[in-house]
There are 2 protein chains.
Amino acid sequence: MAAVDLTTHPGHLARRLQQAHYLLWNTMVSEEITSPQFAVLNTLVAEPGLDQRTVGERVGLDRSTIAEVISRLGRRGLLDKVRDPQDGRRFLLRLTEEGERTHRKLTVRTARMNQVFLGPLTAEEQSQFFDLIRRVADAAEGLRNPGEPTAVRS
Amino acid sequence: MAAVDLTTHPGHLARRLQQAHYLLWNTMVSEEITSPQFAVLNTLVAEPGLDQRTVGERVGLDRSTIAEVISRLGRRGLLDKVRDPQDGRRFLLRLTEEGERTHRKLTVRTARMNQVFLGPLTAEEQSQFFDLIRRVADAAEGLRNPGEPTAVRS
DNA sequence: CGGAAATAATCAGTGCCCTGACTATCTGGT
DNA sequence: ACCAGATAGTCAGGGCACTGATTATTTCCG
């Protein structure tokens with residue numbers, strides 16, 4: 001009595017969507033490198049020499065999680081970590097040759113995977129998909145800093 | 001050079017969406033009970049006496065994960081677990097009084113939370129949001145059993 | 001200069017999520 | 001009645017994600 005329909009709960013749907021993505025990534029992209037790990041590699045390709053905290057901010061991971069992900073990438077020899085001589089608190093991150101190679105390889109496979117993943121939608125629906133999810137996620141994200149409206153106009 | 005734009009990657013978006021939801025759930029619904037835990041409670045309100053595996057199937061969790069979630073709910077006294085006398089492999093699950101009370105309380109809060117979460121979208125956009133995500137998730141889900149098309153007509 | 005506040009990273013603890021290997025029980029066919 | 005295969009659950013192991021507490025370093029102000 002009084003049970004609700006989970007398929008109308010965005011949180012439940014979001015979880016299922018991520019599971020579906022995880023599954024496809026695992027079979028079509030890589031069993032070694034995960035999607036968040038790829039996001040970190042990608043960020044460091046764009047901006048080498050970033051510190052850990054900033055990378056986390058770029059890919060949307062908190063300090064603890066980003067530390068784990070980076071430690072795993074370091075163990076696999078995909079990136080280097082050196083103390084910032086200007087600021088002894090920071091570690092500066094930079095991909096190794098192997099890290100860049102891995103990023104190139106996965107970029108191709110990821111594109112293929114995204115096509116399959118979004119295959120059931122028309123091109124127009126795909127834009128909507130991005131737009132709707134982005135708006136919901138951004139709005140909820142904005143709720144955490146009460147003083148800071150999402151887009152701050154100086 | 002050659003870095004991609006993560007905001008056009010559905011996987012990245014899906015992860016951000018779930019994080020946003022997690023955040024809102026934590027502040028608006030409960031810090032004790034998580035969204036997957038609520039999904040289990042909800043399933044057992046609708047169908048008391050289900051076994052573990054079936055509950056997992058209903059909420060979309062594999063055998064290992066559902067075992068952990070159920071064990072936590074059991075520890076908190078929200079559900080009971082008894083051997084099926086008909087089939088010694090199964091455990092039959094059933095909410096306690098406390099479990100039902102918790103479900104009722106959270107149902108109300110969850111509804112409020114969903115409104116806030118989907119607040120940035122119009123009613124029509126909300127239907128699209130559900131439809132698009134469901135279609136993508138279902139299709140990817142269907143890809144795992146090669147022989148079994150998504151909807152099997154006897 | 002010197003100490004308080006801010007900041008980068010780590011650690012401990014909890015929970016979700018999956019795979020692959022294993023145990024116990026049940027079922028079906030000979 | 002037996003045994004092979006299927007099924008329910010557990011366990012080990014790896015990875016993601018968060019909070020709160022702690023440590024080291026820097027910065028800012030009096």
# chains A, B, ... in the order shown; residues from 1 in each chain; ligands from 1

call {"tool": "closest_atom_pairs", "arguments": {"of": "chain C", "to": "chain B", "cutoff": "8 Å", "atoms": "only C-alpha atoms (C1' of nucleotides)", "output": "Markdown table"}}
result
| residue | atom | partner | partner_atom | distance |
| --- | --- | --- | --- | --- |
| C:DC16 | C1' | B:Thr65 | CA | 7.4 |
| C:DC17 | C1' | B:Thr65 | CA | 6.5 |
| C:DC18 | C1' | B:Asp62 | CA | 7.9 |
| C:DA24 | C1' | B:Arg89 | CA | 7.1 |
| C:DT25 | C1' | B:Arg89 | CA | 5.4 |
| C:DC26 | C1' | B:Asp87 | CA | 7.4 |

call {"tool": "closest_atom_pairs", "arguments": {"of": "chain D", "to": "chain B", "cutoff": "12 Å", "atoms": "only C-alpha atoms (C1' of nucleotides)", "output": "JSON lines"}}
result
{"residue": "D:DT7", "atom": "C1'", "partner": "B:Arg89", "partner_atom": "CA", "distance": 8.2}
{"residue": "D:DA8", "atom": "C1'", "partner": "B:Arg89", "partner_atom": "CA", "distance": 5.0}
{"residue": "D:DG9", "atom": "C1'", "partner": "B:Arg89", "partner_atom": "CA", "distance": 7.1}
{"residue": "D:DT10", "atom": "C1'", "partner": "B:Ser64", "partner_atom": "CA", "distance": 8.2}
{"residue": "D:DC11", "atom": "C1'", "partner": "B:Ser64", "partner_atom": "CA", "distance": 9.3}
{"residue": "D:DA12", "atom": "C1'", "partner": "B:Ser64", "partner_atom": "CA", "distance": 11.5}
{"residue": "D:DC16", "atom": "C1'", "partner": "B:Arg15", "partner_atom": "CA", "distance": 10.2}
{"residue": "D:DA17", "atom": "C1'", "partner": "B:Gln19", "partner_atom": "CA", "distance": 8.3}
{"residue": "D:DC18", "atom": "C1'", "partner": "B:Leu23", "partner_atom": "CA", "distance": 9.2}
{"residue": "D:DT19", "atom": "C1'", "partner": "B:Glu31", "partner_atom": "CA", "distance": 11.0}

call {"tool": "select_by_dssp", "arguments": {"residues": "chain B", "states": "strand (DSSP E or B)", "output": "list in words"}}
result
Asp51, Leu79, Asp80, Lys81, Val82, Arg83, Asp84, Asp87, Gly88, Arg89, Arg90, Phe91, Leu92, Leu93, Arg94 and Leu95 of chain B

call {"tool": "write_last_selection", "arguments": {"atoms": "C-alpha atoms", "output": "compact mmCIF listing (two decimals), in the first residue's frame"}}
result
# COMPACT_ATOMS: atom_id res chain seq x y z
CA ASP B 51 13.47 -12.80 -2.00
CA LEU B 79 13.40 -5.34 7.62
CA ASP B 80 13.35 -9.03 8.56
CA LYS B 81 15.00 -11.86 6.72
CA VAL B 82 13.74 -15.43 7.07
CA ARG B 83 14.65 -18.63 5.25
CA ASP B 84 12.04 -19.73 2.78
CA ASP B 87 13.32 -23.31 -0.79
CA GLY B 88 16.33 -23.33 1.51
CA ARG B 89 18.39 -21.15 -0.79
CA ARG B 90 16.14 -18.13 -0.51
CA PHE B 91 15.64 -15.52 2.17
CA LEU B 92 12.21 -13.91 2.30
CA LEU B 93 12.21 -10.22 3.10
CA ARG B 94 9.57 -8.19 4.87
CA LEU B 95 9.54 -4.71 6.39

call {"tool": "interface_residues", "arguments": {"of": "chain A", "to": "chain B", "cutoff": "8 Å", "atoms": "only C-alpha atoms", "output": "ChimeraX atom specification"}}
result
/A:1-4,6,8-18,20-24,35-36,39,42-43,45-46,60,104,107,114,117-121,125,129-130,132-141
